[in-house]
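Dropping upload25.cif in here (mmCIF, C-alpha atoms and all ligand atoms):
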```
data_entry
#
loop_
_atom_site.label_atom_id
_atom_site.label_comp_id
_atom_site.auth_asym_id
_atom_site.auth_seq_id
_atom_site.Cartn_x
_atom_site.Cartn_y
_atom_site.Cartn_z
CA MET A 1 55.04 95.68 115.94
CA LYS A 2 52.88 96.90 113.11
CA HIS A 3 54.58 100.29 113.21
CA LEU A 4 57.93 98.60 112.47
CA ILE A 5 56.80 97.03 109.22
CA LYS A 6 53.88 99.19 108.08
CA ASN A 7 54.43 100.58 104.56
CA LYS A 8 57.83 98.87 104.31
CA ASN A 9 58.68 97.41 100.91
CA ILE A 10 59.37 93.73 101.31
CA ILE A 11 60.32 91.32 98.53
CA ILE A 12 59.46 87.65 99.01
CA GLY A 13 61.55 85.36 96.80
CA VAL A 14 59.99 81.93 96.28
CA CYS A 15 62.07 79.00 94.96
CA GLY A 16 61.18 75.54 93.71
CA GLY A 17 61.01 73.63 96.98
CA ILE A 18 58.36 71.52 98.59
CA ALA A 19 57.71 74.24 101.21
CA ALA A 20 56.83 76.89 98.61
CA TYR A 21 53.19 76.75 99.74
CA LYS A 22 54.21 78.19 103.13
CA SER A 23 55.31 81.45 101.54
CA VAL A 24 51.66 82.16 100.74
CA GLU A 25 51.00 82.33 104.47
CA LEU A 26 54.11 84.49 104.96
CA LEU A 27 52.74 86.92 102.38
CA ARG A 28 49.37 86.97 104.17
CA LEU A 29 51.04 87.73 107.51
CA LEU A 30 53.07 90.55 105.99
CA LYS A 31 49.99 92.08 104.36
CA LYS A 32 48.24 91.92 107.74
CA GLN A 33 51.05 94.13 109.04
CA ASP A 34 50.32 96.60 106.20
CA ALA A 35 53.64 95.95 104.45
CA ASN A 36 53.96 96.49 100.67
CA VAL A 37 54.94 93.10 99.34
CA ARG A 38 56.33 92.15 95.96
CA VAL A 39 56.80 88.52 95.02
CA ILE A 40 59.49 87.11 92.73
CA MET A 41 59.18 83.43 91.88
CA THR A 42 61.76 81.29 90.17
CA ARG A 43 60.55 79.43 87.11
CA ASN A 44 60.78 76.14 89.06
CA ALA A 45 58.76 77.57 91.96
CA ARG A 46 55.81 77.80 89.59
CA ALA A 47 55.82 74.01 89.35
CA PHE A 48 54.98 73.90 93.08
CA VAL A 49 52.55 76.83 93.52
CA GLY A 50 50.69 79.01 91.07
CA SER A 51 51.40 82.73 90.90
CA LEU A 52 47.72 83.68 91.03
CA THR A 53 47.41 83.31 94.82
CA PHE A 54 50.46 85.52 95.34
CA GLU A 55 49.07 88.08 92.90
CA ALA A 56 45.68 88.16 94.58
CA LEU A 57 47.15 88.47 98.08
CA SER A 58 49.88 90.99 97.25
CA GLY A 59 47.76 93.02 94.84
CA GLN A 60 50.77 93.14 92.50
CA PRO A 61 51.91 91.11 89.50
CA VAL A 62 54.32 88.32 90.37
CA TRP A 63 57.66 88.49 88.60
CA THR A 64 59.44 85.46 87.18
CA SER A 65 61.17 86.20 83.93
CA LEU A 66 63.74 88.96 83.48
CA PHE A 67 62.77 89.32 79.86
CA GLU A 68 58.98 89.26 80.01
CA GLU A 69 57.26 91.78 77.76
CA ARG A 70 55.99 94.84 79.56
CA ASN A 71 54.65 98.23 78.59
CA ASP A 72 57.00 100.32 80.73
CA ALA A 73 60.62 101.06 80.05
CA ALA A 74 61.78 100.73 83.66
CA ILE A 75 64.77 98.59 84.57
CA ARG A 76 62.79 96.60 87.02
CA HIS A 77 65.53 94.59 88.75
CA ILE A 78 67.30 97.82 89.72
CA ASP A 79 64.10 99.63 90.77
CA TRP A 80 62.80 96.77 92.90
CA ALA A 81 66.21 96.25 94.50
CA ARG A 82 66.55 99.96 95.33
CA GLU A 83 63.05 100.24 96.75
CA ALA A 84 63.27 97.14 98.98
CA ASP A 85 63.54 97.63 102.75
CA ALA A 86 64.13 93.91 103.18
CA VAL A 87 64.12 90.68 101.19
CA VAL A 88 63.16 87.24 102.42
CA ILE A 89 63.76 84.13 100.32
CA ALA A 90 61.53 81.34 101.56
CA PRO A 91 62.03 78.59 100.76
CA ALA A 92 65.63 79.01 99.61
CA THR A 93 66.59 75.92 97.62
CA ALA A 94 70.04 74.34 97.57
CA ASN A 95 70.23 75.53 93.97
CA MET A 96 69.43 79.16 94.90
CA ILE A 97 71.92 79.09 97.79
CA GLY A 98 74.61 77.86 95.40
CA LYS A 99 73.79 80.51 92.82
CA LEU A 100 73.82 83.34 95.35
CA ALA A 101 77.11 82.14 96.84
CA GLY A 102 78.60 82.13 93.37
CA GLY A 103 77.21 85.54 92.39
CA ILE A 104 75.22 84.10 89.49
CA ALA A 105 72.45 86.22 88.03
CA ASP A 106 70.54 84.18 85.47
CA ASP A 107 66.93 84.90 86.39
CA ALA A 108 64.83 87.68 87.96
CA LEU A 109 65.39 86.69 91.60
CA THR A 110 69.16 86.14 91.41
CA THR A 111 69.62 89.33 89.39
CA VAL A 112 67.65 91.44 91.89
CA MET A 113 69.68 89.86 94.69
CA LEU A 114 72.94 91.20 93.26
CA ALA A 115 71.49 94.71 93.20
CA VAL A 116 69.86 94.66 96.67
CA THR A 117 71.52 96.58 99.50
CA SER A 118 68.88 96.05 102.23
CA PRO A 119 68.87 93.13 104.72
CA VAL A 120 68.26 89.71 103.16
CA LEU A 121 66.91 86.76 105.10
CA LEU A 122 67.46 83.33 103.55
CA CYS A 123 65.33 80.45 104.78
CA PRO A 124 66.92 77.21 103.53
CA SER A 125 64.57 74.26 103.25
CA MET A 126 65.40 70.89 101.75
CA ASN A 127 65.99 67.20 102.38
CA THR A 128 68.33 66.63 105.36
CA HIS A 129 71.10 65.03 103.28
CA MET A 130 70.93 67.91 100.82
CA TYR A 131 71.11 70.41 103.70
CA GLU A 132 74.07 68.62 105.28
CA ASN A 133 75.86 68.26 101.96
CA ARG A 134 79.27 69.91 102.14
CA ALA A 135 78.68 72.09 99.11
CA VAL A 136 75.46 73.49 100.60
CA GLN A 137 77.08 74.11 104.00
CA ARG A 138 80.08 75.72 102.30
CA ASN A 139 77.77 77.99 100.30
CA LEU A 140 75.79 78.97 103.40
CA GLU A 141 79.05 79.86 105.15
CA ILE A 142 80.02 82.08 102.20
CA LEU A 143 76.63 83.78 102.31
CA ARG A 144 76.88 84.33 106.09
CA ARG A 145 80.25 86.00 105.55
CA ASP A 146 78.73 88.07 102.76
CA GLY A 147 76.21 89.49 105.25
CA TYR A 148 73.12 87.43 104.49
CA TYR A 149 70.95 86.49 107.46
CA ILE A 150 70.30 82.75 107.49
CA LEU A 151 67.37 81.27 109.38
CA GLU A 152 68.29 77.76 110.55
CA PRO A 153 65.76 75.21 109.26
CA GLY A 154 63.67 73.29 111.77
CA SER A 155 64.24 69.60 112.50
CA GLY A 156 61.75 66.77 112.27
CA GLU A 157 60.16 64.42 109.80
CA LEU A 158 60.33 65.97 106.34
CA ALA A 159 57.98 65.57 103.39
CA CYS A 160 60.58 63.34 101.68
CA GLY A 161 60.47 60.86 104.59
CA THR A 162 63.88 61.64 106.15
CA THR A 163 64.19 62.97 109.69
CA GLY A 164 66.55 65.80 110.59
CA PRO A 165 67.15 69.47 109.78
CA GLY A 166 65.64 70.89 106.60
CA ARG A 167 62.12 71.97 107.41
CA LEU A 168 61.09 75.55 106.62
CA PRO A 169 60.26 77.26 109.94
CA GLU A 170 56.66 78.37 110.38
CA PRO A 171 55.78 81.69 108.67
CA GLU A 172 55.26 83.38 112.08
CA ILE A 173 58.89 82.63 112.98
CA ILE A 174 60.11 83.93 109.60
CA LEU A 175 58.10 87.12 110.15
CA ASP A 176 59.55 87.57 113.66
CA ARG A 177 63.10 87.27 112.30
CA LEU A 178 62.38 89.69 109.50
CA ILE A 179 61.02 92.21 111.97
CA SER A 180 64.12 91.85 114.09
CA TYR A 181 66.28 92.89 111.12
CA LEU A 182 64.11 95.96 110.59
CA CYS A 183 64.00 96.88 114.29
CA PRO A 184 66.10 99.67 115.71
CA LYS A 185 68.74 98.08 117.94
CA ASP A 186 67.94 100.50 120.73
CA LEU A 187 68.35 97.90 123.48
CA LYS A 188 71.84 96.91 122.39
CA ASP A 189 74.10 96.26 125.40
CA LYS A 190 71.07 96.30 127.73
CA GLN A 191 70.31 93.34 129.97
CA VAL A 192 66.58 92.78 130.20
CA LEU A 193 64.93 90.50 132.75
CA VAL A 194 61.35 89.41 132.02
CA THR A 195 59.04 87.18 134.03
CA ALA A 196 56.02 85.39 132.57
CA GLY A 197 53.33 82.83 133.08
CA PRO A 198 51.53 81.54 136.15
CA THR A 199 53.07 79.66 139.05
CA GLN A 200 51.82 76.35 140.38
CA GLU A 201 51.70 75.73 144.12
CA PRO A 202 51.22 71.99 144.69
CA PHE A 203 49.40 70.63 147.73
CA ASP A 204 49.81 66.99 146.68
CA PRO A 205 51.71 65.36 143.79
CA VAL A 206 48.80 65.81 141.32
CA ARG A 207 47.05 69.02 142.43
CA PHE A 208 48.07 72.63 142.70
CA ILE A 209 46.80 76.21 143.12
CA SER A 210 47.35 78.25 139.92
CA ASN A 211 45.71 80.68 137.49
CA PRO A 212 44.99 80.73 133.74
CA SER A 213 47.97 82.90 132.70
CA SER A 214 49.42 81.56 129.42
CA GLY A 215 52.69 83.49 129.52
CA LYS A 216 51.95 85.15 126.14
CA MET A 217 52.48 88.74 127.33
CA GLY A 218 55.88 88.00 128.89
CA PHE A 219 57.03 85.89 125.94
CA SER A 220 56.07 88.75 123.60
CA VAL A 221 58.06 91.22 125.72
CA ALA A 222 61.10 88.91 125.79
CA LYS A 223 60.92 88.38 122.02
CA ALA A 224 60.55 92.11 121.32
CA ALA A 225 63.48 92.99 123.59
CA GLU A 226 65.67 90.43 121.82
CA GLN A 227 64.60 91.76 118.41
CA ARG A 228 65.78 95.19 119.55
CA GLY A 229 69.21 93.93 120.48
CA GLY A 230 68.75 93.29 124.22
CA LYS A 231 70.36 90.44 126.14
CA VAL A 232 67.24 88.88 127.51
CA THR A 233 66.59 86.45 130.36
CA LEU A 234 63.04 85.14 130.62
CA ILE A 235 61.96 83.45 133.84
CA THR A 236 58.67 81.72 133.28
CA GLY A 237 56.23 79.57 135.19
CA PRO A 238 54.64 76.60 133.40
CA SER A 239 53.72 77.60 129.84
CA HIS A 240 53.24 75.62 126.63
CA LEU A 241 54.94 78.38 124.60
CA SER A 242 58.27 77.57 123.00
CA ASP A 243 61.46 79.45 123.85
CA PRO A 244 61.87 82.74 121.95
CA LEU A 245 64.98 82.72 119.75
CA ASN A 246 68.26 83.88 121.37
CA VAL A 247 66.62 84.38 124.77
CA THR A 248 67.90 82.65 127.93
CA VAL A 249 64.81 80.89 129.26
CA ILE A 250 64.56 79.62 132.83
CA ARG A 251 61.49 77.51 133.54
CA VAL A 252 60.23 77.29 137.13
CA GLN A 253 57.10 75.94 138.78
CA THR A 254 56.43 77.62 142.12
CA ALA A 255 56.43 81.20 143.42
CA ASP A 256 59.40 80.31 145.65
CA GLU A 257 61.39 79.05 142.65
CA MET A 258 60.48 82.15 140.67
CA ALA A 259 61.53 84.42 143.55
CA HIS A 260 64.86 82.64 143.89
CA SER A 261 65.56 82.83 140.16
CA VAL A 262 64.51 86.50 139.88
CA PHE A 263 66.68 87.61 142.81
CA THR A 264 69.64 85.66 141.38
CA HIS A 265 69.37 87.48 138.03
CA MET A 266 68.14 90.96 139.00
CA GLU A 267 71.58 92.46 139.74
CA ASP A 268 72.71 92.21 136.12
CA ALA A 269 69.55 93.68 134.59
CA GLN A 270 69.03 97.34 133.70
CA ILE A 271 65.39 96.74 132.80
CA ILE A 272 63.05 94.42 134.68
CA ILE A 273 59.57 93.72 133.33
CA LYS A 274 57.41 91.54 135.49
CA THR A 275 54.40 90.14 133.68
CA ALA A 276 54.16 86.88 135.64
CA ALA A 277 50.93 86.12 137.47
CA VAL A 278 52.60 84.78 140.58
CA SER A 279 50.27 83.00 142.98
CA ASP A 280 49.64 85.14 146.08
CA PHE A 281 49.02 82.05 148.18
CA LYS A 282 50.58 78.64 148.57
CA PRO A 283 49.42 75.63 150.60
CA LYS A 284 50.85 75.57 154.10
CA LYS A 285 51.94 72.03 153.55
CA GLU A 286 52.41 69.74 150.59
CA VAL A 287 51.65 66.08 151.21
CA ARG A 288 53.84 63.49 149.53
CA HIS A 289 51.04 61.15 148.48
CA LYS A 290 47.91 61.86 146.47
CA ILE A 291 45.06 62.86 148.79
CA LYS A 292 42.35 60.20 148.53
CA LYS A 293 38.88 61.27 147.52
CA GLY A 294 37.16 59.93 150.67
CA ASP A 295 33.69 61.01 151.65
CA SER A 296 34.24 64.53 152.87
CA ALA A 297 35.61 67.67 151.28
CA ILE A 298 39.10 68.80 152.26
CA THR A 299 40.24 72.19 153.48
CA ILE A 300 43.57 73.52 152.26
CA GLU A 301 45.23 75.93 154.57
CA THR A 302 47.28 78.53 152.72
CA GLN A 303 49.96 81.07 153.49
CA LYS A 304 51.12 84.09 151.54
CA THR A 305 53.92 83.74 149.02
CA GLN A 306 56.75 86.24 148.90
CA ASP A 307 55.81 89.49 147.12
CA ILE A 308 58.50 89.38 144.39
CA LEU A 309 57.60 92.72 142.81
CA LYS A 310 57.66 94.55 146.14
CA GLU A 311 61.03 93.04 146.97
CA LEU A 312 62.34 94.05 143.54
CA GLY A 313 61.09 97.60 144.15
CA ARG A 314 62.90 97.67 147.51
CA LYS A 315 66.17 96.29 146.12
CA LYS A 316 66.33 98.14 142.79
CA LYS A 317 69.25 100.44 142.00
CA ASN A 318 69.15 102.57 138.85
CA GLN A 319 66.96 99.98 137.18
CA VAL A 320 63.73 100.56 135.31
CA LEU A 321 61.10 98.37 136.97
CA VAL A 322 57.80 97.72 135.23
CA GLY A 323 54.90 95.67 136.55
CA PHE A 324 51.56 94.45 135.26
CA ALA A 325 48.27 94.59 137.10
CA ALA A 326 45.33 92.42 136.10
CA GLU A 327 42.26 93.62 137.93
CA THR A 328 38.59 92.74 137.95
CA GLU A 329 37.46 96.12 139.29
CA LYS A 330 38.69 99.69 140.00
CA LEU A 331 41.46 99.12 137.43
CA GLU A 332 43.30 102.43 137.49
CA GLN A 333 42.92 103.01 141.21
CA ASN A 334 44.27 99.54 142.11
CA ALA A 335 47.06 99.74 139.55
CA ALA A 336 48.17 103.21 140.70
CA GLN A 337 48.27 101.97 144.28
CA LYS A 338 50.40 98.98 143.25
CA LEU A 339 52.78 101.31 141.37
CA VAL A 340 53.45 103.33 144.53
CA GLU A 341 53.53 100.40 146.96
CA LYS A 342 56.03 98.48 144.87
CA ASN A 343 58.22 101.41 143.82
CA LEU A 344 57.62 100.83 140.10
CA ASP A 345 58.48 103.21 137.27
CA MET A 346 55.50 102.16 135.20
CA ILE A 347 52.60 99.76 135.42
CA ALA A 348 50.52 98.24 132.63
CA ALA A 349 47.00 97.68 133.85
CA ASN A 350 44.41 95.51 132.19
CA LEU A 351 40.85 94.76 133.16
CA LEU A 352 40.08 91.04 133.26
CA GLY A 353 36.89 89.78 131.71
CA ASN A 354 36.98 92.07 128.66
CA PRO A 355 36.76 90.20 125.36
CA GLY A 356 40.14 90.30 123.54
CA SER A 357 42.01 91.20 126.69
CA GLY A 358 43.74 89.26 129.45
CA PHE A 359 44.70 85.64 130.14
CA GLY A 360 45.40 83.40 127.16
CA GLU A 361 44.37 85.95 124.49
CA ASP A 362 46.67 87.07 121.64
CA THR A 363 45.48 90.63 122.18
CA ASN A 364 45.28 92.86 125.22
CA LYS A 365 43.98 96.27 126.15
CA VAL A 366 46.18 98.05 128.66
CA THR A 367 46.49 101.41 130.32
CA LEU A 368 50.02 102.54 131.12
CA ILE A 369 50.39 104.48 134.35
CA TYR A 370 53.63 106.29 135.14
CA LYS A 371 55.33 107.27 138.39
CA ASP A 372 54.58 110.95 137.77
CA GLY A 373 50.86 110.23 137.51
CA ARG A 374 50.65 110.34 133.72
CA LYS A 375 48.32 107.86 132.12
CA GLU A 376 48.20 106.45 128.59
CA VAL A 377 45.24 104.39 127.41
CA LEU A 378 46.28 102.06 124.58
CA PRO A 379 43.69 100.61 122.20
CA GLN A 380 43.25 96.87 121.94
CA MET A 381 46.22 95.43 120.05
CA THR A 382 48.30 92.27 119.83
CA LYS A 383 50.57 91.42 122.74
CA ASP A 384 53.54 91.68 120.33
CA GLU A 385 52.55 95.27 119.53
CA ILE A 386 52.03 96.15 123.20
CA ALA A 387 55.47 94.69 123.96
CA HIS A 388 57.17 97.05 121.49
CA ILE A 389 55.25 100.09 122.76
CA LEU A 390 56.18 99.16 126.32
CA LEU A 391 59.86 99.04 125.33
CA ASP A 392 59.55 102.41 123.53
CA ARG A 393 58.18 103.95 126.73
CA ILE A 394 60.81 102.30 128.93
CA LEU A 395 63.56 103.76 126.76
CA GLU A 396 61.90 107.18 126.97
CA LEU A 397 61.78 106.84 130.77
CA GLY A 398 65.48 105.95 130.89
CA LYS A 399 66.25 108.96 128.68
CA SER A 400 64.23 111.46 130.68
CA SER A 401 65.66 110.28 134.01
CA ARG A 402 69.19 110.69 132.61
CA GLU A 403 68.29 114.18 131.40
CA SER A 404 66.85 115.19 134.76
CA GLY A 405 69.80 113.58 136.59
CA ASP A 406 67.59 111.23 138.69
C1 LIG B 501 59.15 67.17 94.12
C2 LIG B 501 60.38 68.00 94.29
C3 LIG B 501 60.60 68.59 95.49
C4 LIG B 501 61.76 69.37 95.69
N1 LIG B 501 61.96 69.97 96.90
C5 LIG B 501 63.08 70.69 97.10
C6 LIG B 501 63.30 71.31 98.34
O1 LIG B 501 62.49 71.24 99.27
N2 LIG B 501 64.45 72.03 98.50
C7 LIG B 501 65.37 72.15 97.51
O2 LIG B 501 66.41 72.78 97.73
N3 LIG B 501 65.16 71.57 96.30
C8 LIG B 501 64.04 70.86 96.07
N4 LIG B 501 63.83 70.29 94.85
C9 LIG B 501 64.82 70.50 93.80
C10 LIG B 501 64.65 71.84 93.14
O3 LIG B 501 63.33 72.00 92.65
C11 LIG B 501 65.66 72.01 92.01
O4 LIG B 501 66.96 72.01 92.55
C12 LIG B 501 65.42 73.25 91.20
O5 LIG B 501 66.46 73.39 90.25
C13 LIG B 501 65.39 74.51 92.05
O6 LIG B 501 65.18 75.65 91.24
P1 LIG B 501 65.15 77.13 91.80
O7 LIG B 501 66.19 77.21 92.86
O8 LIG B 501 65.46 77.98 90.64
O9 LIG B 501 63.77 77.36 92.31
C14 LIG B 501 62.68 69.52 94.63
C15 LIG B 501 62.41 68.94 93.40
C16 LIG B 501 61.28 68.17 93.22
C17 LIG B 501 61.03 67.57 91.89
#
```
Can you present the structure in this file as C-alpha cells?
Amino acid sequence: MKHLIKNKNIIIGVCGGIAAYKSVELLRLLKKQDANVRVIMTRNARAFVGSLTFEALSGQPVWTSLFEERNDAAIRHIDWAREADAVVIAPATANMIGKLAGGIADDALTTVMLAVTSPVLLCPSMNTHMYENRAVQRNLEILRRDGYYILEPGSGELACGTTGPGRLPEPEIILDRLISYLCPKDLKDKQVLVTAGPTQEPFDPVRFISNPSSGKMGFSVAKAAEQRGGKVTLITGPSHLSDPLNVTVIRVQTADEMAHSVFTHMEDAQIIIKTAAVSDFKPKKEVRHKIKKGDSAITIETQKTQDILKELGRKKKNQVLVGFAAETEKLEQNAAQKLVEKNLDMIAANLLGNPGSGFGEDTNKVTLIYKDGRKEVLPQMTKDEIAHILLDRILELGKSSRESGD
C-alpha cells in the first residue's frame, strides 16, 4: 500500500466543523505512508483546532489566508493545485459544500479547489438535520456530477446530541478511500473471490473447535482488490472486522457452510484467493443440548472436513488460484508440497510464532512460492501492503500465462 502513496503530494483541507480534530490523525496516517502533505485550513477551522499541530506533523506551514505576506513571488494557489496528486477535505462543512457547488473562491481552500485537476475526496460531516437539508443534498448532488468523490458520513450519536448520518468516518477509512482513488484500476472487470477468517465447528450449542484466525489478511486482500476496481466477494468465517466498502460479504460459521458458499461462487471468479483458516476437523456429532460438566472429562470424536482448496484446485478452469499456508515448522517445504497437491498457482507461506507475523497481527511476514518453483521472500509489512503485492503478482501471473498461451 505504501508504494501507492509514497511521495505523493496530498492536500488536506480542514473546515470549521466539530470533527476537525480527526484530520490531525488523518495527517499522521498519511505521513506514516511517506506522503508529502500540505494542509489548508479555513479561517473558521482555526477556531476548532490550532495550526501548530498540523505544521509540526506535516513539516510545512499551514495555509489559511490567500493574501498573507510571504517572501516568495509564487502564485501559491496555482502551484499547490498543479502539484497535488489528490485532495481530501475532511471535515467538509455544509458551508464549504455550498461554496464548492457554487464555484465560489473567496479563501485559500476554495480558490485552490477551482484550480485542482487531481481527484478530490469530500468528507461531509455535520448535524443530521443539516446533512439532510435539501440545499446540502442538492449541493452534494451537483458536486457528484462535477466529479468529486463523496465519502458518505457515518451514522450514530453525534456530538450535537442528534442521532443519524453526519459523523466523519474514522481516518483509516478516509485513507483507504483516498488510496483507492490513487490506485491503478488494474482489476477492473475482474471477479475476485476471497475467503477469510476461521471456521467454528460446534459440538454442543455453546462450544466449538476453532483457531485464532482474525480474518485480517483476507479482509485486507478483499479491500485491496476492490480499491483496484475488482468486483469482490468475500466469504468469511466468524470475524469481528466490519465489511470492507463495496465488497459483497458472506458470513458463514462452519467449514461445510464455507465449502458450500465457495463452490456456489467459484464459477464466476477469475481470481480466487483463499486465506481462510478452515478447520481440518469437525466433531462427528453435534449434541442439541449443552454437555453438562459432570465428574469426568469428555472425548470428542472428530472427522475430517472437506478440503476446500484441493477441491478448488481440481475444479478450476483458467482461474488463478492462490492459497495461504501457516506452518509451525519446515515452512517452505510444507508450503511447496501444498502448492503441488492443491494445484495452486501461488502460495503465501508464513511461519507461525514469529513476532509481528500470523494470527491476529496487523503485520505479516510471508514467502511467496510459485508453480514454477520461484520463491520470493517478502520483508515484514502490513497485511494491507502484502495484499497489494499479492495482487501485483497475480496480475503478472495472468499476463505471463496469456503470453505463453497456457
Ligand atoms: C461549535 C460549532 C460546531 C460546528 N460544527 C459544524 C459541523 O460539524 N459541520 C458543519 O458543517 N458546520 C459546523 N459548524 C458551522 C460552521 O462552523 C460554519 O458554517 C462556518 O461558517 C464554516 O466555515 P468554513 O466552511 O469556512 O470552515 C459549527 C459551528 C459551531 C459554532
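Checking A:Glu25, A:Asp186, A:Asp79, A:Asp107 one by one against ligand LIG 501 (chain B), counting all atoms listed in the file, you find the shortest gap at A:Asp107.
Of the listed residues (A:Leu321, A:Cys160, A:Val232, A:Leu27), A:Cys160 comes nearest to ligand LIG 501 (chain B); the distances count only C-alpha atoms and all ligand atoms.
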At a cut-off of 9 Å around the point (52.7, 104.8, 133.6) (file coordinates), what residues fall inside when counting only C-alpha atoms? I'd like the answer as a list of chain:residue names. A:Val322, A:Ala336, A:Leu339, A:Asp345, A:Met346, A:Ile347, A:Ala348, A:Thr367, A:Leu368, A:Ile369, A:Tyr370, A:Lys371, A:Asp372, A:Gly373, A:Arg374, A:Lys375, A:Glu376, A:Arg393
Output C-alpha atoms for every residue in that selection, as a short mmCIF file (atom, residue, chain, number, x, y, z; two decimals), in the frame of the given file.
```
data_model
loop_
_atom_site.label_atom_id
_atom_site.label_comp_id
_atom_site.auth_asym_id
_atom_site.auth_seq_id
_atom_site.Cartn_x
_atom_site.Cartn_y
_atom_site.Cartn_z
CA VAL A 322 57.80 97.72 135.23
CA ALA A 336 48.17 103.21 140.70
CA LEU A 339 52.78 101.31 141.37
CA ASP A 345 58.48 103.21 137.27
CA MET A 346 55.50 102.16 135.20
CA ILE A 347 52.60 99.76 135.42
CA ALA A 348 50.52 98.24 132.63
CA THR A 367 46.49 101.41 130.32
CA LEU A 368 50.02 102.54 131.12
CA ILE A 369 50.39 104.48 134.35
CA TYR A 370 53.63 106.29 135.14
CA LYS A 371 55.33 107.27 138.39
CA ASP A 372 54.58 110.95 137.77
CA GLY A 373 50.86 110.23 137.51
CA ARG A 374 50.65 110.34 133.72
CA LYS A 375 48.32 107.86 132.12
CA GLU A 376 48.20 106.45 128.59
CA ARG A 393 58.18 103.95 126.73
#
```
May I have a table of the residues of chain A lying at most 6 Å from ligand LIG 501 (chain B), giving each one's closest pair of atoms and their distance in Å to one decimal, counting all atoms listed in the file, ordered by chain and ascending residue number, as a Markdown table?
```
| residue | atom | partner | partner_atom | distance |
| --- | --- | --- | --- | --- |
| A:Cys15 | CA | B:LIG501 | O9 | 3.5 |
| A:Gly16 | CA | B:LIG501 | O9 | 3.5 |
| A:Gly17 | CA | B:LIG501 | C6 | 3.5 |
| A:Ile18 | CA | B:LIG501 | O1 | 4.2 |
| A:Ala19 | CA | B:LIG501 | O1 | 6.0 |
| A:Thr42 | CA | B:LIG501 | O9 | 4.9 |
| A:Asn44 | CA | B:LIG501 | O9 | 4.6 |
| A:Ala45 | CA | B:LIG501 | O9 | 5.0 |
| A:Thr93 | CA | B:LIG501 | O2 | 3.1 |
| A:Ala94 | CA | B:LIG501 | O2 | 4.0 |
| A:Asn95 | CA | B:LIG501 | O7 | 4.5 |
| A:Met96 | CA | B:LIG501 | O7 | 4.3 |
| A:Ser125 | CA | B:LIG501 | N2 | 5.2 |
| A:Met126 | CA | B:LIG501 | N2 | 3.6 |
```
Record the distance separating CA of Arg228 in chain A and CA of Leu187 in chain A, expressed in Å with one decimal. 5.4 Å
